[in-house]
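Peer 1: Sharing run37.tsv (TSV, C-alpha atoms) below.
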chain	number	residue	atom	x	y	z
A	1	MET	CA	-27.78	-42.71	-6.63
A	2	ALA	CA	-25.30	-40.28	-8.24
A	3	THR	CA	-23.38	-41.44	-11.28
A	4	ILE	CA	-19.66	-40.75	-11.60
A	5	VAL	CA	-19.02	-38.53	-14.59
A	6	ASN	CA	-15.46	-39.08	-15.77
A	7	THR	CA	-14.18	-35.91	-17.38
A	8	THR	CA	-10.70	-34.46	-17.28
A	9	GLU	CA	-12.18	-31.34	-15.65
A	10	GLU	CA	-13.66	-33.09	-12.58
A	11	GLU	CA	-11.08	-35.83	-12.06
A	12	PRO	CA	-8.47	-33.63	-10.31
A	13	MET	CA	-11.06	-32.41	-7.79
A	14	LEU	CA	-12.29	-35.92	-7.02
A	15	ALA	CA	-8.70	-37.09	-6.69
A	16	VAL	CA	-8.05	-34.35	-4.13
A	17	VAL	CA	-11.10	-35.40	-2.11
A	18	ARG	CA	-9.94	-39.03	-2.16
A	19	VAL	CA	-6.38	-38.15	-1.08
A	20	THR	CA	-7.53	-35.92	1.79
A	21	ALA	CA	-10.13	-38.47	2.90
A	22	GLU	CA	-7.65	-41.33	2.91
A	23	LEU	CA	-5.20	-39.22	4.89
A	24	ALA	CA	-7.87	-38.20	7.39
A	25	TRP	CA	-8.96	-41.79	8.05
A	26	ALA	CA	-5.57	-43.46	7.72
A	27	ASP	CA	-5.35	-44.42	11.39
A	28	ALA	CA	-8.90	-45.78	11.67
A	29	GLY	CA	-8.23	-49.09	9.90
A	30	PRO	CA	-9.55	-50.26	6.50
A	31	ASP	CA	-12.94	-51.41	7.82
A	32	VAL	CA	-13.76	-47.92	9.02
A	33	ALA	CA	-11.73	-45.88	6.52
A	34	GLU	CA	-12.99	-47.32	3.23
A	35	PRO	CA	-16.71	-46.59	3.81
A	36	GLU	CA	-15.88	-43.03	4.94
A	37	VAL	CA	-13.62	-42.39	1.95
A	38	THR	CA	-16.33	-43.73	-0.38
A	39	ARG	CA	-18.96	-41.54	1.32
A	40	LEU	CA	-16.86	-38.41	0.94
A	41	CYS	CA	-16.10	-39.18	-2.70
A	42	MET	CA	-19.81	-39.70	-3.43
A	43	GLU	CA	-20.62	-36.43	-1.71
A	44	ALA	CA	-18.02	-34.70	-3.86
A	45	GLN	CA	-19.53	-36.17	-7.02
A	46	GLN	CA	-22.95	-34.87	-6.03
A	47	HIS	CA	-21.56	-31.35	-5.47
A	48	VAL	CA	-19.87	-31.43	-8.87
A	49	LEU	CA	-22.99	-32.64	-10.70
A	50	ALA	CA	-25.15	-30.02	-8.96
A	51	GLY	CA	-22.60	-27.21	-9.46
A	52	ARG	CA	-22.42	-26.57	-5.73
A	53	TRP	CA	-18.87	-25.17	-5.81
A	54	LEU	CA	-18.96	-23.52	-2.40
A	55	ASP	CA	-19.95	-26.83	-0.80
A	56	MET	CA	-17.24	-28.52	-2.82
A	57	ALA	CA	-14.68	-26.05	-1.52
A	58	SER	CA	-15.78	-26.67	2.08
A	59	LEU	CA	-15.46	-30.42	1.57
A	60	MET	CA	-12.02	-30.19	-0.03
A	61	LEU	CA	-10.73	-27.81	2.62
A	62	ALA	CA	-12.07	-29.84	5.56
A	63	SER	CA	-8.87	-31.85	5.81
A	64	ALA	CA	-6.50	-29.24	4.43
A	65	ASP	CA	-4.76	-28.86	7.80
A	66	LEU	CA	-3.83	-32.56	7.67
A	67	LEU	CA	-2.34	-32.08	4.22
A	68	LEU	CA	-0.36	-29.01	5.27
A	69	GLN	CA	1.06	-30.74	8.33
A	70	SER	CA	1.55	-34.24	6.94
A	71	PRO	CA	5.17	-35.24	6.22
A	72	ARG	CA	3.85	-37.84	3.78
A	73	VAL	CA	2.68	-35.17	1.29
A	74	PRO	CA	5.60	-33.53	-0.60
A	75	ASP	CA	5.39	-29.76	-0.99
A	76	LYS	CA	5.06	-30.03	-4.79
A	77	ASP	CA	2.06	-32.36	-4.44
A	78	LEU	CA	0.58	-30.14	-1.74
A	79	GLU	CA	0.94	-27.08	-3.94
A	80	CYS	CA	-0.77	-28.92	-6.79
A	81	ILE	CA	-3.66	-29.99	-4.52
A	82	LEU	CA	-4.16	-26.46	-3.21
A	83	ALA	CA	-4.00	-25.07	-6.77
A	84	ILE	CA	-6.87	-27.40	-7.74
A	85	ILE	CA	-8.90	-26.14	-4.77
A	86	CYS	CA	-8.14	-22.51	-5.71
A	87	ASN	CA	-9.35	-23.18	-9.25
A	88	LEU	CA	-12.88	-23.59	-7.87
A	89	VAL	CA	-13.25	-19.78	-7.91
A	90	THR	CA	-13.24	-19.93	-11.71
A	91	LYS	CA	-16.20	-22.35	-11.68
A	92	ALA	CA	-18.37	-20.29	-9.33
A	93	GLY	CA	-21.73	-19.27	-10.73
A	94	SER	CA	-21.50	-15.72	-9.39
A	95	GLU	CA	-19.01	-13.19	-8.11
A	96	ASP	CA	-20.39	-13.57	-4.59
A	97	GLU	CA	-19.88	-17.34	-4.65
A	98	ALA	CA	-16.31	-16.91	-5.93
A	99	LEU	CA	-15.67	-14.44	-3.11
A	100	GLN	CA	-17.04	-16.86	-0.50
A	101	ILE	CA	-14.80	-19.65	-1.85
A	102	ALA	CA	-11.81	-17.28	-1.75
A	103	GLN	CA	-12.61	-16.36	1.86
A	104	LEU	CA	-12.74	-20.05	2.82
A	105	ILE	CA	-9.37	-20.70	1.21
A	106	CYS	CA	-7.79	-17.62	2.80
A	107	SER	CA	-9.10	-18.57	6.24
A	108	LYS	CA	-7.56	-22.02	5.95
A	109	LEU	CA	-4.21	-20.84	4.59
A	110	THR	CA	-3.71	-18.10	7.19
A	111	LEU	CA	-4.69	-20.28	10.16
A	112	GLN	CA	-1.13	-21.45	10.98
A	113	PRO	CA	1.20	-18.91	9.32
A	114	ASP	CA	4.40	-20.36	10.79
A	115	ASP	CA	3.90	-23.72	9.03
A	116	LYS	CA	5.13	-23.67	5.41
A	117	PRO	CA	4.54	-19.89	5.12
A	118	ALA	CA	6.27	-19.56	1.73
A	119	LEU	CA	4.10	-22.26	0.18
A	120	ARG	CA	0.93	-20.78	1.66
A	121	LEU	CA	1.87	-17.36	0.29
A	122	LYS	CA	2.57	-18.79	-3.16
A	123	VAL	CA	-0.89	-20.41	-3.20
A	124	LEU	CA	-2.50	-17.12	-2.18
A	125	PHE	CA	-0.78	-15.38	-5.10
A	126	SER	CA	-2.20	-18.05	-7.42
A	127	LEU	CA	-5.65	-17.47	-5.96
A	128	TYR	CA	-5.22	-13.73	-6.48
A	129	ASN	CA	-4.50	-14.23	-10.17
A	130	LEU	CA	-7.54	-16.50	-10.63
A	131	LEU	CA	-10.01	-13.97	-9.23
A	132	GLY	CA	-11.67	-11.46	-11.52
A	133	SER	CA	-13.33	-9.34	-8.84
A	134	PRO	CA	-11.32	-6.27	-7.71
A	135	TYR	CA	-12.74	-6.66	-4.19
A	136	GLY	CA	-11.73	-10.33	-4.17
A	137	LYS	CA	-8.20	-9.46	-5.27
A	138	ALA	CA	-7.96	-6.85	-2.52
A	139	LEU	CA	-9.17	-9.38	0.06
A	140	VAL	CA	-6.60	-12.00	-0.97
A	141	TYR	CA	-3.76	-9.46	-1.10
A	142	ARG	CA	-4.57	-8.24	2.42
A	143	LYS	CA	-4.52	-11.84	3.64
A	144	ALA	CA	-1.19	-12.35	1.88
A	145	LEU	CA	0.17	-9.30	3.70
A	146	GLU	CA	-1.02	-10.64	7.05
A	147	LEU	CA	0.48	-14.05	6.31
A	148	ALA	CA	3.82	-12.53	5.27
A	149	ALA	CA	3.94	-10.46	8.46
A	150	ALA	CA	3.05	-13.37	10.74
A	151	GLY	CA	5.07	-16.01	8.91
A	152	LYS	CA	8.23	-13.92	8.48
A	153	THR	CA	8.21	-14.30	4.70
A	154	ALA	CA	8.73	-10.64	3.81
A	155	ASP	CA	11.05	-11.45	0.89
A	156	TYR	CA	8.13	-12.95	-1.04
A	157	ILE	CA	5.72	-10.03	-0.60
A	158	ILE	CA	8.02	-6.95	-0.68
A	159	PRO	CA	8.59	-7.05	-4.49
A	160	THR	CA	4.85	-6.41	-4.94
A	161	PHE	CA	4.98	-3.19	-2.92
A	162	LYS	CA	6.21	-1.18	-5.90
A	163	ASN	CA	2.81	-1.77	-7.54
A	164	ILE	CA	0.64	-1.12	-4.52
A	165	ASP	CA	-0.55	2.32	-5.68
A	166	SER	CA	-1.83	0.89	-8.96
A	167	PHE	CA	-3.37	-2.03	-7.03
A	168	VAL	CA	-5.28	0.36	-4.78
A	169	SER	CA	-6.49	2.31	-7.81
A	170	ASP	CA	-7.65	-0.84	-9.62
A	171	TRP	CA	-9.36	-2.32	-6.57
A	172	GLY	CA	-11.23	0.88	-5.70
A	173	ILE	CA	-11.02	0.12	-1.98
A	174	GLY	CA	-11.95	2.64	0.71
A	175	LYS	CA	-9.76	4.73	2.97
A	176	LEU	CA	-9.95	2.36	5.94
A	177	GLU	CA	-8.87	-0.64	3.86
A	178	GLN	CA	-6.01	1.39	2.39
A	179	ARG	CA	-4.96	2.49	5.86
A	180	ASP	CA	-4.78	-1.08	7.17
A	181	MET	CA	-2.87	-2.20	4.10
A	182	PHE	CA	-0.29	0.59	4.29
A	183	LEU	CA	0.24	0.02	8.00
A	184	THR	CA	0.76	-3.72	7.54
A	185	ALA	CA	3.23	-3.07	4.72
A	186	ALA	CA	5.09	-0.54	6.88
A	187	ARG	CA	5.39	-3.02	9.72
A	188	ILE	CA	6.75	-5.66	7.35
A	189	LEU	CA	9.37	-3.23	6.04
A	190	LYS	CA	10.34	-2.01	9.51
A	191	ASP	CA	12.10	-5.27	10.35
A	192	HIS	CA	13.67	-5.68	6.91
A	193	LYS	CA	17.26	-4.51	6.43
A	194	GLY	CA	17.99	-1.93	3.76
A	195	MET	CA	14.35	-0.88	3.43
A	196	ASN	CA	14.39	2.31	5.51
A	197	LYS	CA	13.30	4.57	2.67
A	198	GLU	CA	10.47	2.22	1.68
A	199	TYR	CA	9.46	1.95	5.34
A	200	PHE	CA	9.25	5.74	5.56
A	201	ASN	CA	7.23	5.91	2.32
A	202	PHE	CA	4.60	3.49	3.64
A	203	LEU	CA	4.44	5.28	6.97
A	204	ASN	CA	3.85	8.42	4.91
A	205	LYS	CA	1.06	6.73	2.93
A	206	TYR	CA	-0.54	5.47	6.13
A	207	LEU	CA	-0.43	8.84	7.88
A	208	ALA	CA	-1.80	10.59	4.76
A	209	THR	CA	-5.06	8.61	5.06
A	210	PHE	CA	-6.02	10.75	8.08
A	211	ASN	CA	-7.58	14.03	6.98
A	212	GLY	CA	-8.48	15.39	10.41
A	213	SER	CA	-12.23	14.97	9.94
A	214	GLU	CA	-14.61	13.95	12.71
A	215	ASP	CA	-14.72	10.44	11.27
A	216	ASP	CA	-11.01	10.13	12.02
A	217	SER	CA	-11.15	11.65	15.51
A	218	ASP	CA	-10.87	8.31	17.32
A	219	ALA	CA	-8.59	6.46	14.91
A	220	ILE	CA	-6.09	9.33	14.52
A	221	CYS	CA	-4.98	8.98	18.15
A	222	GLU	CA	-3.83	5.45	17.35
A	223	ALA	CA	-1.45	6.84	14.72
A	224	LYS	CA	0.79	8.74	17.15
A	225	GLU	CA	3.49	6.08	17.37
A	226	GLU	CA	3.64	5.75	13.58
A	227	ALA	CA	3.83	9.55	13.30
A	228	VAL	CA	6.80	9.58	15.69
A	229	ALA	CA	8.41	6.69	13.77
A	230	ALA	CA	8.05	8.64	10.50
A	231	ILE	CA	9.68	11.73	12.03
A	232	VAL	CA	12.59	9.71	13.40
A	233	GLU	CA	13.09	7.95	10.04
A	234	PHE	CA	13.09	11.28	8.23
A	235	VAL	CA	15.63	12.83	10.59
A	236	LYS	CA	17.86	9.72	10.44
A	237	SER	CA	17.81	9.34	6.67
A	238	SER	CA	20.69	10.66	4.58
A	239	ASP	CA	18.53	10.40	1.44
A	240	LEU	CA	15.43	12.35	2.48
A	241	TYR	CA	15.43	16.14	2.41
A	242	GLN	CA	11.79	16.84	1.64
A	243	CYS	CA	8.55	15.63	3.21
A	244	ASP	CA	4.95	16.64	3.85
A	245	LEU	CA	4.74	15.32	7.41
A	246	LEU	CA	4.45	18.73	9.02
A	247	ASN	CA	1.07	19.43	7.41
A	248	MET	CA	-0.47	16.02	8.07
A	249	PRO	CA	-3.19	15.98	10.80
A	250	ALA	CA	-1.86	12.68	12.14
A	251	VAL	CA	1.53	14.32	12.71
A	252	ALA	CA	0.28	17.79	13.67
A	253	GLN	CA	-1.56	16.29	16.66
A	254	LEU	CA	1.84	15.67	18.28
A	255	GLU	CA	2.39	19.40	18.68
A	256	LYS	CA	-0.02	19.44	21.65
A	257	ASP	CA	0.83	15.99	22.93
A	258	GLU	CA	2.70	16.04	26.24
A	259	LYS	CA	4.67	12.89	25.44
A	260	TYR	CA	5.63	13.62	21.82
A	261	GLN	CA	5.65	17.43	21.65
A	262	LEU	CA	9.44	17.63	21.47
A	263	VAL	CA	9.58	15.12	18.61
A	264	TYR	CA	7.25	17.38	16.61
A	265	GLU	CA	9.45	20.36	17.48
A	266	LEU	CA	12.47	18.47	16.13
A	267	LEU	CA	10.68	17.86	12.81
A	268	LYS	CA	9.77	21.53	12.63
A	269	ILE	CA	13.42	22.49	13.10
A	270	PHE	CA	14.58	20.20	10.30
A	271	LEU	CA	11.92	21.45	7.88
A	272	THR	CA	11.70	25.16	8.66
A	273	GLN	CA	14.79	26.29	10.60
A	274	ARG	CA	18.59	26.21	10.49
A	275	LEU	CA	21.51	24.58	12.28
A	276	ASP	CA	21.61	27.03	15.19
A	277	SER	CA	18.05	26.04	16.17
A	278	TYR	CA	18.99	22.36	16.12
A	279	LEU	CA	22.08	22.94	18.27
A	280	GLU	CA	19.99	24.79	20.82
A	281	PHE	CA	17.42	21.95	20.82
A	282	GLN	CA	20.10	19.28	21.14
A	283	SER	CA	21.73	21.04	24.07
A	284	ALA	CA	18.46	20.85	26.01
A	285	ASN	CA	17.26	17.42	24.77
A	286	SER	CA	20.31	15.23	24.14
A	287	THR	CA	18.79	12.33	26.12
A	288	LEU	CA	15.65	12.41	23.96
A	289	LEU	CA	17.69	12.22	20.76
A	290	LYS	CA	19.74	9.29	22.03
A	291	GLY	CA	16.54	7.53	23.12
A	292	TYR	CA	15.32	7.54	19.51
A	293	GLY	CA	18.67	6.34	18.18
A	294	LEU	CA	19.61	9.69	16.63
A	295	VAL	CA	23.34	10.38	16.34
A	296	HIS	CA	24.24	14.01	17.02
A	297	GLU	CA	27.03	14.18	14.39
A	298	GLU	CA	24.75	12.74	11.70
A	299	CYS	CA	22.03	15.22	12.63
A	300	ILE	CA	24.51	18.09	12.30
A	301	THR	CA	25.51	16.87	8.82
A	302	LYS	CA	21.91	16.71	7.66
A	303	MET	CA	21.01	20.00	9.31
A	304	ARG	CA	23.87	21.75	7.52
A	305	LEU	CA	22.48	20.56	4.19
A	306	MET	CA	18.99	21.59	5.28
A	307	SER	CA	20.34	25.03	6.23
A	308	LEU	CA	21.91	25.32	2.79
A	309	LEU	CA	18.49	24.58	1.23
A	310	ASP	CA	16.94	27.26	3.42
A	311	LEU	CA	19.53	29.77	2.21
A	312	SER	CA	18.79	28.78	-1.40
A	313	SER	CA	15.06	29.33	-0.93
A	314	HIS	CA	15.57	32.85	0.41
A	315	CYS	CA	18.33	34.06	-1.89
A	316	ALA	CA	17.87	35.89	-5.18
A	317	GLY	CA	19.83	33.26	-7.08
A	318	GLU	CA	23.14	33.99	-5.39
A	319	ILE	CA	24.47	33.03	-1.94
A	320	PRO	CA	27.60	34.77	-0.62
A	321	TYR	CA	30.22	32.61	1.07
A	322	PRO	CA	29.88	34.49	4.41
A	323	ALA	CA	26.16	33.63	4.56
A	324	ILE	CA	27.02	29.94	4.13
A	325	THR	CA	29.76	29.92	6.76
A	326	ASP	CA	27.43	31.65	9.22
A	327	ALA	CA	24.42	29.37	8.61
A	328	LEU	CA	26.40	26.11	8.51
A	329	LYS	CA	28.87	27.08	11.30
A	330	ILE	CA	31.89	26.21	9.15
A	331	ASN	CA	35.18	27.77	8.10
A	332	ASP	CA	35.68	29.61	4.81
A	333	ASP	CA	37.72	26.76	3.33
A	334	GLU	CA	34.85	24.28	3.95
A	335	VAL	CA	32.23	26.07	1.86
A	336	GLU	CA	32.97	24.31	-1.41
A	337	TYR	CA	33.05	20.89	0.30
A	338	TRP	CA	29.46	21.35	1.51
A	339	ILE	CA	28.33	22.71	-1.84
A	340	VAL	CA	29.74	19.65	-3.61
A	341	LYS	CA	28.11	17.42	-0.99
A	342	ALA	CA	24.72	19.05	-1.63
A	343	ILE	CA	25.17	18.60	-5.38
A	344	SER	CA	26.09	14.91	-4.92
A	345	CYS	CA	22.93	14.45	-2.81
A	346	LYS	CA	20.98	15.89	-5.79
A	347	ILE	CA	19.34	18.56	-3.67
A	348	LEU	CA	21.14	21.52	-5.26
A	349	ASP	CA	22.21	22.58	-8.76
A	350	CYS	CA	24.56	25.54	-8.82
A	351	LYS	CA	27.82	27.09	-10.04
A	352	ILE	CA	30.67	28.15	-7.78
A	353	ASP	CA	32.02	31.63	-8.50
A	354	GLN	CA	35.33	31.52	-6.62
A	355	LEU	CA	36.39	34.95	-7.83
A	356	ASN	CA	33.36	36.72	-6.36
A	357	GLN	CA	32.93	34.24	-3.52
A	358	VAL	CA	29.28	33.45	-4.34
A	359	ILE	CA	27.20	30.41	-5.23
A	360	ILE	CA	24.87	30.84	-8.22
A	361	VAL	CA	21.85	28.60	-7.61
A	362	SER	CA	19.80	27.28	-10.54
A	363	ARG	CA	17.72	24.70	-8.62
A	364	HIS	CA	17.21	23.52	-5.08
A	365	THR	CA	14.97	21.03	-3.28
A	366	GLU	CA	12.16	22.54	-1.24
A	367	ARG	CA	12.10	21.03	2.24
A	368	ILE	CA	8.32	21.34	2.32
A	369	PHE	CA	6.25	21.30	-0.86
A	370	GLY	CA	2.93	22.77	0.23
A	371	MET	CA	0.52	25.36	-1.15
A	372	PRO	CA	3.03	28.25	-1.22
A	373	GLN	CA	5.43	26.13	-3.28
A	374	TRP	CA	2.66	25.13	-5.68
A	375	GLN	CA	1.70	28.80	-6.09
A	376	SER	CA	5.32	29.73	-6.75
A	377	LEU	CA	5.59	26.96	-9.34
A	378	ARG	CA	2.38	28.13	-10.98
A	379	ALA	CA	3.74	31.68	-11.20
A	380	LYS	CA	7.01	30.42	-12.76
A	381	LEU	CA	5.11	28.33	-15.29
A	382	GLY	CA	3.05	31.41	-16.17
A	383	VAL	CA	6.22	33.42	-16.79
A	384	TRP	CA	7.74	30.62	-18.88
A	385	ARG	CA	4.54	30.32	-20.90
A	386	GLY	CA	4.59	34.06	-21.55
A	387	ASN	CA	8.25	33.96	-22.59
A	388	ILE	CA	7.58	31.09	-25.00
A	389	ALA	CA	4.60	32.95	-26.50
A	390	THR	CA	6.74	36.05	-26.97
A	391	ALA	CA	9.50	34.00	-28.62
A	392	ILE	CA	6.99	32.37	-31.01
A	393	ASN	CA	5.50	35.76	-31.96
A	394	THR	CA	8.97	37.17	-32.59
A	395	ILE	CA	9.91	34.23	-34.83
A	396	GLN	CA	6.66	34.53	-36.78
A	397	ALA	CA	7.11	38.29	-37.20
A	398	ASN	CA	10.68	37.83	-38.46
A	399	LYS	CA	9.48	35.14	-40.85
A	400	VAL	CA	6.86	37.47	-42.33
A	401	THR	CA	9.48	40.22	-42.69
A	402	ASP	CA	11.90	37.86	-44.46
A	403	GLU	CA	9.20	36.64	-46.83
A	404	GLY	CA	8.26	40.23	-47.63
A	405	SER	CA	11.88	41.14	-48.35
A	406	GLN	CA	12.24	38.17	-50.68
A	407	GLY	CA	9.06	39.19	-52.50
A	408	MET	CA	10.34	42.73	-53.09
A	409	GLN	CA	13.56	41.37	-54.49
A	410	GLY	CA	11.53	39.23	-56.94
A	411	ILE	CA	9.66	42.31	-58.21
A	412	ARG	CA	12.90	44.05	-59.03
Hey, can you dump this file as structure tokens for me?
Peer 2:
Amino acid sequence: MATIVNTTEEEPMLAVVRVTAELAWADAGPDVAEPEVTRLCMEAQQHVLAGRWLDMASLMLASADLLLQSPRVPDKDLECILAIICNLVTKAGSEDEALQIAQLICSKLTLQPDDKPALRLKVLFSLYNLLGSPYGKALVYRKALELAAAGKTADYIIPTFKNIDSFVSDWGIGKLEQRDMFLTAARILKDHKGMNKEYFNFLNKYLATFNGSEDDSDAICEAKEEAVAAIVEFVKSSDLYQCDLLNMPAVAQLEKDEKYQLVYELLKIFLTQRLDSYLEFQSANSTLLKGYGLVHEECITKMRLMSLLDLSSHCAGEIPYPAITDALKINDDEVEYWIVKAISCKILDCKIDQLNQVIIVSRHTERIFGMPQWQSLRAKLGVWRGNIATAINTIQANKVTDEGSQGMQGIR
């Protein structure tokens, strides 16, 4: 017969078993309940003495649903009980055992996401912090994402999204796991007010996991709706003037898709063409634009700024007023308004030469930053490096000359 070992380390676990057992058998009457409670407590003692932590976790979690649903257990007590169960992962004899315990806990906590979702999520975060295994942390975080999505507790999980890139790097998870995680995060953000830019960013991350290889041939077709959503978000946004969507295989597939071909064409207009192309497109597809919630006047505003960026990328540092009025379809007296608007959007740095009626551009945002832009940047860096080297050589040469002159004066 097992002997009870009273230590401060085991007492909380045995207390949890007793509480859950008493709750489970509360309606059976004392004659039936007491022997069952005693049996379960003895079984728990045996697991503790033998170091069978996975079995202990199974025993403690057996009646967890009763605890979560019982009005007799205050949330603070419930959180404490679940924290004690989570702590079992620190006692596990191996990483595999800790992972199995974590999986058991996650399965139980995500079973009924609508019941006390905030508390369940808080316990999952505690479990995450107790685990040492990167794979285990990734598993728990994915479960937390699923719980937040199903339980409508986005406010608790969204603050962690800013660290998700470092999480992914630390966990070392594969492309498929990343894809699922980014998609779940995007869906959480979609229904959250004021998170349009973050929603677009996670759609972007999700779509970027498709590289067009044969391994992705089946899965990439499932990304069409997200690709369309990303395009619509980009066109709608008054903060986004650059993106890499056009070159992504998951987005490029829309070009030959009968249903979404026009949406891809719209993206192409915003990233490679000017206002006149948009106006022509809108004239033929106004119903399509309205169907996606795109407001014509807002699209014109954005397309004018996009046209200004296109002018900046093709000019030799100066843009004449007439070129701006023609590209933006505006009057002469509106030129400076749109220049100031572009500057306030932080997509253009320039000086206005009113006397000569030109804009002197020092920097502009590239609508697409692909290989040609990288090559251009590399060439500019090469020129700057050469200029710096020349300046250093000139300074050194002048220094030698000055020192020589001083030496001659000393001889005299």
Peer 1: Hey, which of A:Ala64, A:Val358, A:Ile347, A:Cys221 ends up closest to Ala323 of chain A? Count all atoms listed in the file.
Peer 2: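 When distances to Ala323 of chain A are compared using all atoms listed in the file, the smallest one comes from A:Val358.
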Peer 1: Between atom CA of Ala150 of chain A and atom CA of Lys193 of chain A, what distance in Å does the model show, to one decimal?
Peer 2: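 Separation between atom CA of Ala150 of chain A and atom CA of Lys193 of chain A: 17.3 Å.
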Peer 1: Would you kindly return, as a list in words, each protein, DNA or RNA residue with an atom no farther than 9 Å from any atom of Ile352 of chain A, considering all atoms listed in the file and excluding same-chain residues fewer than 4 positions away?
Peer 2: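 My reading of the contact set: Glu336, Ile339, Gln357, Val358, Ile359, Ile360 and Val361 of chain A.
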Peer 1: Can you tell me which residues surround segment 161-170 of chain A at a distance of at most 12 Å, considering only C-alpha atoms, apart from same-chain residues fewer than 3 positions away, and format the answer as a ChimeraX atom specification?
Peer 2: /A:128,132-139,141-142,145,154-158,173-179,181-182,184-186,188-189,195,198-199,201-202,205
Peer 1: Take the point (-2.6, 10.2, 6.7) in the file's coordinates, draw a sphere of radius 12 Å around it, and report as a PyMOL selection string every protein, DNA or RNA residue with an atom inside or on it, counting all atoms listed in the file.
Peer 2: chain A and resi 175-176+178-180+182-183+201-213+216+219-224+226-227+230+244-253
Peer 1: Can you tell me how far atom CA of Val89 of chain A sits from atom CA of Met56 of chain A, in Å to one decimal?
Peer 2: 10.9 Å
Peer 1: One decimal, Å: what's the distance from atom CA of Thr365 of chain A over to atom CA of Leu254 of chain A, could you say?
Peer 2: 25.8 Å
Peer 1: Out of A:His364, A:Cys86, A:Gln100, A:Leu111, which residue has the shortest atom-to-atom distance to Leu68 of chain A when counting all atoms listed in the file?
Peer 2: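 So, comparing all the options, the nearest one is A:Leu111.
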Peer 1: List every protein, DNA or RNA residue with an atom no more than 12 Å from (0.9, -24.7, 7.0) in the file's coordinates, counting all atoms listed in the file, and format the result as number ranges by chain.
Peer 2: A: 64-71, 75, 78-79, 82, 106-123, 147, 151
Peer 1: Of the candidates A:Leu59, A:Leu262, A:Leu104, A:Leu311, which one gets nearest to Leu289 of chain A if we count all atoms listed in the file?
Peer 2: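 Ranking A:Leu59, A:Leu262, A:Leu104, A:Leu311 by distance to Leu289 of chain A, first place goes to A:Leu262.
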Peer 1: Find the residues around Asp333 of chain A up to 10 Å (only C-alpha atoms counted), leave out those fewer than 4 positions away in its own chain, and share them as a ChimeraX atom specification.
Peer 2: /A:321,325,337
